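Trainee: Dropping in model-v1.cif, which is mmCIF, C-alpha atoms:
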data_structure
loop_
_atom_site.label_atom_id
_atom_site.label_comp_id
_atom_site.auth_asym_id
_atom_site.auth_seq_id
_atom_site.Cartn_x
_atom_site.Cartn_y
_atom_site.Cartn_z
CA MET M 16 2.55 -14.47 -19.38
CA ASN M 17 3.72 -14.54 -15.77
CA SER M 18 5.15 -11.66 -13.78
CA SER M 19 8.96 -11.63 -13.86
CA THR M 20 11.63 -10.02 -11.69
CA PHE M 21 14.98 -8.51 -12.70
CA LEU M 22 17.29 -8.02 -9.71
CA PRO M 23 20.87 -7.24 -10.82
CA GLY M 24 22.23 -5.23 -7.88
CA ASN M 25 22.72 -5.11 -4.13
CA ASN M 26 22.82 -2.12 -1.76
CA ASP M 27 22.91 -1.34 1.96
CA LYS M 28 19.63 -0.51 3.67
CA THR M 29 16.14 -1.86 2.97
CA PHE M 30 12.52 -0.81 3.05
CA ARG M 31 9.39 -2.58 1.80
CA SER M 32 6.54 -1.69 -0.53
CA GLN M 33 3.41 -3.60 -1.48
CA SER M 34 5.32 -6.09 -3.57
CA ALA M 35 9.04 -5.42 -3.30
CA THR M 36 12.06 -4.90 -1.05
CA PHE M 37 14.36 -2.04 -2.05
CA HIS M 38 17.62 -0.60 -0.81
CA ILE M 39 18.72 2.93 0.08
CA GLN M 40 21.96 4.57 1.16
CA PRO M 41 22.47 6.92 4.10
CA HIS M 42 22.70 10.64 3.38
CA SER M 43 23.03 13.99 5.11
CA LYS M 44 20.53 16.83 5.36
CA GLN M 45 20.01 18.84 2.21
CA LYS M 46 18.42 22.26 1.73
CA VAL M 47 15.14 21.99 -0.15
CA ALA M 48 13.28 24.75 -2.02
CA TYR M 49 9.69 24.36 -3.22
CA PHE M 50 8.13 26.39 -6.03
CA HIS M 51 4.36 26.77 -6.36
CA HIS M 52 2.24 29.48 -7.99
CA LYS M 53 -1.21 29.82 -6.42
CA ASP M 54 -2.96 30.14 -9.80
CA VAL M 55 -1.38 27.18 -11.59
CA GLY M 56 -4.24 24.82 -10.77
CA ASN M 57 -6.98 27.15 -12.02
CA PHE M 58 -6.77 26.38 -15.73
CA HIS M 59 -8.93 23.96 -17.71
CA PHE M 60 -7.94 22.01 -20.82
CA GLY M 61 -11.57 20.94 -21.29
CA LEU M 62 -14.17 18.76 -19.62
CA GLN M 63 -13.16 15.51 -21.32
CA HIS M 64 -9.42 16.22 -21.48
CA PRO M 65 -7.30 13.95 -19.24
CA MET M 66 -4.88 16.73 -18.27
CA LYS M 67 -6.24 18.45 -15.17
CA PRO M 68 -4.12 21.30 -13.72
CA HIS M 69 -6.31 21.02 -10.62
CA ARG M 70 -4.09 18.08 -9.61
CA LEU M 71 -1.45 20.69 -8.73
CA THR M 72 -3.82 22.35 -6.27
CA LEU M 73 -4.53 18.99 -4.61
CA THR M 74 -0.83 18.21 -4.45
CA ASN M 75 0.08 21.54 -2.87
CA ASN M 76 -2.77 21.29 -0.37
CA LEU M 77 -1.71 17.80 0.67
CA VAL M 78 1.93 18.90 1.00
CA MET M 79 0.79 21.72 3.29
CA SER M 80 -1.58 19.48 5.25
CA TYR M 81 1.32 17.21 6.14
CA GLY M 82 3.25 20.27 7.34
CA LEU M 83 6.03 19.76 4.81
CA HIS M 84 6.12 23.49 3.98
CA GLU M 85 7.63 24.04 7.43
CA LYS M 86 10.68 21.93 6.50
CA MET M 87 11.61 23.73 3.27
CA THR M 88 11.75 27.18 1.74
CA VAL M 89 8.58 27.91 -0.22
CA TYR M 90 8.73 30.29 -3.18
CA TYR M 91 5.99 32.01 -5.16
CA PRO M 92 7.75 32.06 -8.54
CA PRO M 93 7.41 34.83 -11.15
CA LYS M 94 5.97 34.12 -14.57
CA ALA M 95 8.43 33.46 -17.37
CA THR M 96 8.89 36.43 -19.69
CA ASP M 97 8.49 36.31 -23.47
CA ASP M 98 12.26 36.55 -23.86
CA GLU M 99 12.85 33.68 -21.44
CA LEU M 100 10.46 31.43 -23.36
CA MET M 101 12.12 32.40 -26.64
CA GLU M 102 15.50 31.22 -25.38
CA PHE M 103 14.32 27.85 -26.67
CA HIS M 104 11.05 28.31 -28.53
CA GLU M 105 10.65 30.00 -31.91
CA THR M 106 9.56 33.64 -31.77
CA ASP M 107 6.55 33.06 -34.04
CA TYR M 108 5.35 30.20 -31.87
CA ILE M 109 5.54 32.23 -28.66
CA LYS M 110 3.76 35.14 -30.33
CA PHE M 111 1.05 32.69 -31.37
CA LEU M 112 0.61 31.36 -27.82
CA LYS M 113 0.43 34.92 -26.53
CA LYS M 114 -2.28 36.06 -28.96
CA VAL M 115 -4.42 32.99 -29.58
CA THR M 116 -7.75 32.50 -27.79
CA PRO M 117 -10.57 29.98 -28.20
CA GLU M 118 -12.43 32.67 -30.18
CA ASN M 119 -9.71 33.59 -32.71
CA SER M 120 -7.81 30.29 -33.03
CA GLU M 121 -8.90 29.77 -36.65
CA GLU M 122 -6.99 32.90 -37.69
CA PHE M 123 -3.58 31.41 -36.87
CA PRO M 124 -1.32 28.61 -38.12
CA LYS M 125 -2.00 25.44 -36.14
CA PHE M 126 1.43 24.75 -34.53
CA ASN M 127 0.12 21.21 -33.91
CA ILE M 128 -2.92 22.49 -31.99
CA SER M 129 -5.37 19.59 -31.67
CA GLU M 130 -7.63 17.77 -29.23
CA ASP M 131 -4.51 16.79 -27.31
CA CYS M 132 -3.25 20.38 -27.23
CA PRO M 133 -6.39 22.56 -27.25
CA ILE M 134 -6.63 26.32 -27.04
CA PHE M 135 -8.18 27.25 -23.70
CA GLU M 136 -8.74 30.43 -21.74
CA GLY M 137 -5.50 31.68 -20.16
CA LEU M 138 -3.26 29.30 -22.11
CA TYR M 139 -0.29 31.69 -22.26
CA ASP M 140 -0.59 32.55 -18.57
CA PHE M 141 -0.51 28.84 -17.77
CA CYS M 142 2.65 28.38 -19.85
CA GLN M 143 4.33 31.39 -18.23
CA ILE M 144 3.46 30.13 -14.74
CA TYR M 145 4.75 26.57 -14.97
CA ALA M 146 7.79 27.51 -17.06
CA GLY M 147 8.59 30.43 -14.78
CA ALA M 148 8.61 28.10 -11.79
CA SER M 149 11.10 25.73 -13.45
CA ILE M 150 13.35 28.59 -14.51
CA ALA M 151 13.25 30.09 -11.01
CA ALA M 152 14.03 26.68 -9.51
CA ALA M 153 17.00 26.24 -11.84
CA HIS M 154 18.26 29.70 -10.87
CA GLN M 155 17.94 28.90 -7.17
CA LEU M 156 19.84 25.64 -7.62
CA ALA M 157 22.60 27.26 -9.67
CA SER M 158 23.05 30.08 -7.14
CA ASP M 159 23.56 27.57 -4.29
CA GLY M 160 20.31 28.67 -2.69
CA ALA M 161 19.27 25.05 -2.31
CA ASP M 162 20.53 21.52 -2.85
CA ILE M 163 17.15 20.29 -4.12
CA CYS M 164 14.50 22.33 -5.91
CA ILE M 165 10.94 21.09 -6.54
CA ASN M 166 8.38 22.28 -9.10
CA TRP M 167 5.53 19.80 -9.47
CA SER M 168 3.84 22.00 -12.09
CA GLY M 169 6.79 21.49 -14.45
CA GLY M 170 8.01 18.48 -16.36
CA LEU M 171 6.07 19.03 -19.61
CA HIS M 172 8.52 17.10 -21.70
CA HIS M 173 6.80 16.75 -25.10
CA ALA M 174 6.72 20.40 -26.26
CA LYS M 175 8.94 21.10 -29.26
CA ARG M 176 10.84 24.21 -30.17
CA PHE M 177 8.22 25.26 -32.72
CA GLU M 178 5.02 23.44 -31.72
CA ALA M 179 2.85 21.93 -29.01
CA SER M 180 2.75 18.18 -28.41
CA GLY M 181 1.23 15.70 -25.98
CA PHE M 182 -0.61 18.15 -23.66
CA CYS M 183 2.57 20.28 -23.53
CA PHE M 184 2.87 23.79 -25.01
CA VAL M 185 6.14 25.10 -23.57
CA ASN M 186 9.05 22.87 -22.64
CA ASP M 187 9.97 24.11 -19.18
CA ILE M 188 12.53 21.31 -18.82
CA VAL M 189 14.61 22.49 -21.76
CA LEU M 190 14.40 26.08 -20.50
CA ALA M 191 15.58 25.02 -17.04
CA ILE M 192 18.41 22.93 -18.43
CA GLN M 193 19.54 25.80 -20.65
CA HIS M 194 19.82 27.93 -17.54
CA LEU M 195 21.74 25.22 -15.66
CA LEU M 196 24.21 24.90 -18.55
CA ARG M 197 25.39 28.43 -17.80
CA PHE M 198 26.74 27.21 -14.47
CA TYR M 199 27.28 23.43 -14.69
CA PRO M 200 29.46 21.50 -17.16
CA ARG M 201 27.20 18.45 -17.41
CA VAL M 202 23.46 18.00 -16.88
CA LEU M 203 21.90 14.56 -16.47
CA TYR M 204 18.21 14.43 -17.37
CA ILE M 205 16.22 11.43 -16.06
CA ASP M 206 12.61 10.78 -17.06
CA ILE M 207 10.34 8.23 -15.31
CA ASP M 208 7.09 9.29 -16.98
CA ILE M 209 5.38 6.41 -18.83
CA HIS M 210 5.72 8.44 -22.04
CA HIS M 211 9.06 8.97 -23.73
CA GLY M 212 10.68 12.35 -23.01
CA ASP M 213 10.93 13.14 -26.71
CA GLY M 214 10.94 16.93 -26.55
CA VAL M 215 13.92 17.07 -24.19
CA GLN M 216 15.76 14.37 -26.10
CA GLU M 217 15.29 16.21 -29.38
CA ALA M 218 16.51 19.53 -27.95
CA PHE M 219 19.82 18.07 -26.76
CA TYR M 220 20.25 15.24 -29.25
CA ALA M 221 23.50 16.62 -30.66
CA THR M 222 25.36 17.73 -27.52
CA ASP M 223 27.39 15.94 -24.85
CA ARG M 224 26.66 18.70 -22.32
CA VAL M 225 23.32 17.05 -21.53
CA MET M 226 22.72 13.31 -21.19
CA THR M 227 19.08 12.28 -21.49
CA VAL M 228 17.84 8.99 -19.99
CA SER M 229 14.20 7.97 -20.38
CA PHE M 230 12.38 4.94 -18.90
CA HIS M 231 9.05 4.56 -20.70
CA LYS M 232 6.52 2.36 -22.43
CA TYR M 233 7.41 1.56 -26.02
CA ASP M 234 5.57 -0.73 -28.43
CA SER M 235 7.08 -0.17 -31.87
CA GLY M 236 5.63 3.27 -32.32
CA SER M 237 1.92 2.89 -31.52
CA PHE M 238 2.08 4.31 -27.98
CA PHE M 239 2.51 8.10 -27.83
CA PRO M 240 4.83 9.71 -28.81
CA GLY M 241 6.07 6.71 -30.82
CA THR M 242 9.75 7.42 -30.13
CA GLY M 243 12.15 6.09 -27.52
CA ASN M 244 13.59 2.96 -29.10
CA ILE M 245 16.87 1.85 -27.57
CA ASN M 246 18.48 2.58 -30.95
CA GLU M 247 17.97 6.33 -30.49
CA ILE M 248 21.36 7.27 -29.07
CA GLY M 249 22.08 10.87 -30.12
CA CYS M 250 24.08 12.27 -33.03
CA GLY M 251 27.17 14.35 -33.67
CA LEU M 252 28.80 15.36 -30.39
CA GLY M 253 25.78 13.89 -28.63
CA LYS M 254 26.17 10.35 -29.95
CA PHE M 255 25.82 7.90 -27.04
CA PHE M 256 24.71 10.73 -24.72
CA CYS M 257 21.07 9.78 -25.25
CA LEU M 258 19.79 6.62 -23.59
CA ASN M 259 16.35 5.03 -23.85
CA VAL M 260 14.96 2.17 -21.78
CA PRO M 261 11.85 0.87 -23.61
CA LEU M 262 9.42 -1.18 -21.52
CA LYS M 263 6.15 -3.06 -21.99
CA ASP M 264 2.88 -3.09 -20.07
CA GLY M 265 2.64 -4.61 -16.63
CA ILE M 266 6.12 -3.94 -15.32
CA ASP M 267 6.06 -4.34 -11.53
CA ASP M 268 7.85 -2.82 -8.55
CA ASP M 269 10.75 -5.29 -8.37
CA SER M 270 11.49 -5.24 -12.09
CA TYR M 271 11.19 -1.48 -12.53
CA VAL M 272 13.23 -0.36 -9.54
CA SER M 273 15.94 -2.96 -10.04
CA LEU M 274 16.38 -2.06 -13.70
CA PHE M 275 16.26 1.66 -12.90
CA LYS M 276 19.03 1.38 -10.32
CA ASP M 277 21.14 -0.90 -12.48
CA VAL M 278 20.98 1.46 -15.46
CA ILE M 279 21.12 4.82 -13.76
CA LEU M 280 24.05 3.95 -11.49
CA ASP M 281 26.13 3.03 -14.54
CA VAL M 282 25.05 6.27 -16.21
CA ARG M 283 26.19 8.25 -13.18
CA ASP M 284 29.56 6.52 -13.06
CA HIS M 285 30.24 7.05 -16.76
CA TYR M 286 28.85 10.57 -17.14
CA GLN M 287 29.65 12.08 -13.72
CA PRO M 288 26.91 14.74 -13.85
CA SER M 289 27.33 18.12 -12.20
CA VAL M 290 23.58 18.52 -11.71
CA ILE M 291 20.51 16.32 -12.26
CA VAL M 292 17.03 17.11 -13.56
CA LEU M 293 14.50 14.41 -12.62
CA GLN M 294 11.09 14.32 -14.31
CA CYS M 295 8.67 12.37 -12.10
CA GLY M 296 5.64 11.78 -14.32
CA ALA M 297 3.05 9.94 -12.23
CA ASP M 298 1.35 8.24 -15.17
CA SER M 299 3.81 5.39 -14.69
CA LEU M 300 1.84 4.42 -11.57
CA GLY M 301 -0.52 1.47 -11.63
CA LYS M 302 -4.15 2.24 -12.52
CA ASP M 303 -3.32 5.47 -14.35
CA ARG M 304 -5.91 6.42 -16.98
CA LEU M 305 -3.36 6.53 -19.80
CA GLY M 306 -0.68 4.18 -18.50
CA GLY M 307 -0.16 0.44 -18.41
CA PHE M 308 2.54 -0.09 -15.80
CA ASN M 309 1.90 -1.83 -12.50
CA ILE M 310 4.05 0.00 -9.98
CA SER M 311 3.22 1.50 -6.60
CA ILE M 312 3.80 4.96 -5.20
CA LYS M 313 6.55 3.54 -3.00
CA ALA M 314 8.38 2.07 -6.00
CA HIS M 315 8.06 5.35 -7.91
CA GLY M 316 9.35 7.18 -4.86
CA GLU M 317 12.26 4.78 -4.48
CA CYS M 318 13.62 6.03 -7.80
CA VAL M 319 13.53 9.56 -6.37
CA ARG M 320 15.14 8.41 -3.12
CA PHE M 321 17.96 6.68 -4.98
CA ILE M 322 18.84 9.77 -7.03
CA LYS M 323 18.62 11.99 -3.94
CA SER M 324 21.07 9.74 -2.10
CA TRP M 325 23.85 10.78 -4.49
CA GLN M 326 23.78 14.32 -3.05
CA ILE M 327 24.25 15.91 -6.45
CA PRO M 328 22.34 19.19 -7.02
CA LEU M 329 18.84 18.10 -8.03
CA LEU M 330 15.89 19.73 -9.79
CA VAL M 331 12.71 17.67 -9.39
CA LEU M 332 9.75 18.22 -11.73
CA GLY M 333 6.30 16.75 -12.26
CA GLY M 334 4.97 15.53 -15.60
CA GLY M 335 2.12 13.24 -16.61
CA GLY M 336 -0.43 11.69 -14.28
CA TYR M 337 -4.12 11.30 -14.94
CA ARG M 338 -5.65 9.92 -11.75
CA ILE M 339 -5.72 13.19 -9.84
CA PRO M 340 -5.77 11.83 -6.25
CA ASN M 341 -2.94 9.41 -7.03
CA VAL M 342 -0.83 12.16 -8.59
CA ALA M 343 -1.25 14.25 -5.44
CA ARG M 344 -0.40 11.27 -3.23
CA CYS M 345 2.69 10.42 -5.25
CA TRP M 346 4.20 13.89 -5.41
CA THR M 347 3.42 14.55 -1.75
CA TYR M 348 5.11 11.28 -0.78
CA GLU M 349 8.13 12.22 -2.91
CA THR M 350 8.26 15.67 -1.34
CA GLY M 351 8.53 13.85 1.98
CA ILE M 352 11.35 11.70 0.60
CA LEU M 353 13.24 14.77 -0.57
CA LEU M 354 12.83 16.22 2.95
CA ASP M 355 13.88 13.00 4.72
CA THR M 356 10.45 12.97 6.33
CA GLU M 357 8.38 9.84 6.78
CA LEU M 358 4.69 10.52 6.25
CA GLN M 359 1.91 8.67 8.04
CA SER M 360 -0.16 6.51 5.73
CA GLU M 361 -3.46 8.01 6.92
CA LEU M 362 -4.06 11.28 5.11
CA PRO M 363 -4.51 14.39 7.26
CA GLU M 364 -8.21 15.05 7.76
CA LYS M 365 -7.52 18.78 7.79
CA SER M 366 -6.78 18.65 4.05
CA HIS M 367 -9.29 20.85 2.24
CA TYR M 368 -9.70 18.14 -0.39
CA TYR M 369 -9.83 15.19 2.01
CA SER M 370 -13.00 13.81 0.42
CA SER M 371 -11.21 13.49 -2.93
CA PHE M 372 -9.06 10.67 -1.57
CA GLY M 373 -11.80 8.24 -0.60
CA PRO M 374 -12.73 5.55 0.01
CA ASP M 375 -9.41 4.53 1.59
CA PHE M 376 -8.05 8.01 2.56
CA SER M 377 -4.56 6.52 2.46
CA LEU M 378 -1.27 7.83 1.09
CA HIS M 379 -0.63 4.39 -0.39
CA PRO M 380 -3.80 2.97 -1.94
CA PRO M 381 -3.54 -0.43 -3.64
CA LEU M 382 -2.37 0.44 -7.15
CA VAL M 383 -0.72 -2.89 -7.97
CA ARG M 384 -3.14 -5.09 -9.93
CA LYS M 385 -3.28 -8.76 -10.80
CA MET M 386 -2.03 -8.48 -14.36
CA ASP M 387 0.60 -9.99 -16.59
CA ASN M 388 4.06 -8.48 -16.71
CA PHE M 389 4.91 -8.52 -20.41
CA ASN M 390 8.53 -7.71 -19.62
CA THR M 391 10.20 -11.09 -19.31
CA ARG M 392 13.33 -11.58 -17.26
CA ASN M 393 15.33 -12.32 -20.41
CA GLU M 394 14.07 -9.16 -22.13
CA LEU M 395 14.98 -6.98 -19.16
CA GLN M 396 18.42 -8.55 -18.95
CA LYS M 397 18.91 -7.89 -22.66
CA ILE M 398 17.93 -4.23 -22.20
CA SER M 399 20.39 -3.97 -19.33
CA GLN M 400 23.18 -5.50 -21.40
CA GLN M 401 22.46 -3.21 -24.35
CA VAL M 402 22.49 -0.15 -22.11
CA HIS M 403 25.79 -1.08 -20.48
CA GLU M 404 27.28 -1.75 -23.91
CA LEU M 405 26.17 1.67 -25.16
CA LEU M 406 27.66 3.38 -22.11
CA ARG M 407 31.05 1.85 -22.91
CA PHE M 408 31.10 3.87 -26.12
CA LEU M 409 31.30 7.15 -24.18
CA ASP M 410 34.68 8.75 -24.73
CA GLY M 411 34.89 9.80 -21.10
CA VAL M 412 33.47 12.77 -19.26
CA PRO M 413 33.07 15.85 -21.50
CA SER M 414 35.52 18.61 -20.60
CA VAL M 415 33.89 22.01 -20.96
CA GLN M 416 35.39 25.46 -20.51
CA MET M 417 32.70 27.32 -18.57
CA GLN M 418 31.19 30.47 -20.03
CA GLU M 419 28.06 32.52 -19.49
CA LEU M 420 26.18 30.66 -22.22
CA PRO M 421 27.51 27.59 -24.04
CA GLY M 422 28.68 28.93 -27.36
CA ASP M 423 27.51 25.94 -29.36
CA LEU M 424 24.08 25.59 -27.73
CA GLN M 425 22.08 27.75 -30.14
CA CYS M 426 23.93 26.21 -33.06
CA ILE M 427 23.00 22.79 -31.74
CA LEU M 428 19.35 23.76 -31.54
CA ASP M 429 19.40 25.30 -35.04
CA GLU M 430 21.00 22.24 -36.61
CA SER M 431 19.21 19.63 -34.54
CA ASP M 432 16.33 18.93 -36.94
CA GLU M 433 18.62 18.39 -39.91
CA GLU M 434 21.02 16.22 -37.92
CA LEU M 435 18.14 14.17 -36.55
CA ARG M 436 17.03 13.30 -40.08
CA ASP M 437 20.55 12.52 -41.29
CA ALA M 438 21.67 10.55 -38.24
CA ARG M 439 18.74 8.32 -37.31
CA GLU M 440 19.17 5.85 -40.18
CA ASP M 441 22.95 5.61 -39.72
CA GLN M 442 22.80 5.18 -35.96
CA THR M 443 20.07 2.51 -36.13
CA VAL M 444 22.15 0.40 -38.50
CA ASP M 445 25.24 0.99 -36.37
CA VAL M 446 23.62 -0.07 -33.09
CA ARG M 447 21.95 -3.11 -34.63
CA ARG M 448 25.33 -4.22 -36.02
CA ARG M 449 26.95 -3.96 -32.57
CA ASN M 450 24.09 -5.81 -30.85
CA ARG M 451 24.14 -8.85 -33.09
#
Kindly return the structure encoded in the file as structure tokens.

Mentor:
Amino acid sequence: MNSSTFLPGNNDKTFRSQSATFHIQPHSKQKVAYFHHKDVGNFHFGLQHPMKPHRLTLTNNLVMSYGLHEKMTVYYPPKATDDELMEFHETDYIKFLKKVTPENSEEFPKFNISEDCPIFEGLYDFCQIYAGASIAAAHQLASDGADICINWSGGLHHAKRFEASGFCFVNDIVLAIQHLLRFYPRVLYIDIDIHHGDGVQEAFYATDRVMTVSFHKYDSGSFFPGTGNINEIGCGLGKFFCLNVPLKDGIDDDSYVSLFKDVILDVRDHYQPSVIVLQCGADSLGKDRLGGFNISIKAHGECVRFIKSWQIPLLVLGGGGYRIPNVARCWTYETGILLDTELQSELPEKSHYYSSFGPDFSLHPPLVRKMDNFNTRNELQKISQQVHELLRFLDGVPSVQMQELPGDLQCILDESDEELRDAREDQTVDVRRRNR
């Protein structure tokens, strides 16, 4: 199967990557805040485990080596408290995370603890650190302390209210969005990780206060987490406020960025978000250990640049990414984008981890491979058409009377599991009928 290109839109200003020409819009200077805890990279999931918190240390060091810390406000965030974590997660689950150790793990219920989500030394500290940074970033954004807030240690989108999932124990994204909902009428959540953002989708599946949009690999349920079909559209008040863009292996720069812009611009125009949360999982890069896409760091960054150009309050988070040097390159490059700072391709030799980036020592190593793009032009056009059709079903922008905490939010979370079970069959039949 040959590589295919989907190019539905046109914009103003261009730049080039390894295999594509993209477009950006002019924008004014925005205040940027950066959140990093010095200990977040010191935890270990296990020798053979693909998740390596050390990638966060490399990222921060590279950001500093480029001098980007001088262009933004840097915060050392506090750990999340038990009460803050329990604003979303079940009390028993948080108590479990707080007490469990590798030595006593057999004494507790499993809460989906497995090889993917192992018990390791300092697990609860790790959860408090990365979740605390996302909560602090959300607070800074909501208090007008910054226009853009960055927490590369966040973005752990698989964790559920009552259990761990997919290398994720605490869902910092949901916690941050809950905080933002106290101050903003509408939150748009965008996920460009190669894995479906199932934990965030599930948390807000029945509300129109949050619209979730996920671009991810989907192959009829065999690729983790097995969810993210285009037919998953929300339920109750949240029906049509959940959007999934399922993709196949090999998608390239042109196809990915063009589809992303085509879809997300229509989402913005229909939903009119007050604030945006952008999860930037780097496992969607080419040559990732767990991924199968074929996109470059520049293409990944172009998605960030496009969202930034809207000048809507923006919380930027990390996520997946299992080639450590490439994760650090990507998130450093995107920090530069968020600061309107062009970074030289040659990595700074003063970086403490300079040797980790060999043999090319470049910010943009060749990640695009000679491989088939299994996303045909016709398939991508069909996805685009389906998405635009779904967006037409929105009843307009939700009108919300602001209050300290959305009164229906906890009710939504309590009823979400039951509504998910009841609604999925009905909505799948409904969407299929409309798409015939």

Trainee: Using only C-alpha atoms, which protein or nucleic acid residues come within 9 Å of Pro328 (chain M)? Drop anything in the same chain fewer than 2 positions from it, and give the result as a list in words.

Mentor: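 Within the cut-off, the hits are Leu156, Ala157, Asp159, Ala161, Asp162, Ile163, Cys164, Ser289, Val290, Ile291, Val292, Lys323, Trp325, Gln326 and Leu330 of chain M.
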
Trainee: Please compute the CA of Val55 (chain M)-CA of Phe198 (chain M) distance, one decimal, in Å.

Mentor: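 Interatomic distance here is 28.3 Å.
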
Trainee: From the list M:Gln155, M:Gln216, M:Ser366, M:Gln396, which residue is nearest Leu73 (chain M) when using all atoms listed in the file?

Mentor: M:Ser366

Trainee: Please report the interatomic distance between CA of Ile209 (chain M) and CA of Ser299 (chain M) in Å with one decimal.

Mentor: 4.5 Å

Trainee: Please expand the PyMOL selection byres ((chain M and resi 218) around 8) into the concrete residues it hits in this file, giving the result as a list in words.

Mentor: Lys175, Arg176, Val189, Gly214, Val215, Gln216, Glu217, Phe219, Tyr220, Leu428 and Ser431 of chain M

Trainee: Distance CA of Asp267 (chain M)-CA of Asn309 (chain M), one decimal place?

Mentor: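 Calculated distance between CA of Asp267 (chain M) and CA of Asn309 (chain M) is 5.0 Å.
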
Trainee: I'd like the neighbourhood of Ile279 (chain M) as a PyMOL selection string, where a residue qualifies if any of its atoms comes within 12 Å (using all atoms listed in the file), though same-chain residues fewer than 5 positions away should be ignored.

Mentor: chain M and resi 24+203-207+226-230+258-260+271-274+284-288+291+293+318-319+321-322+325+399+402-403+406
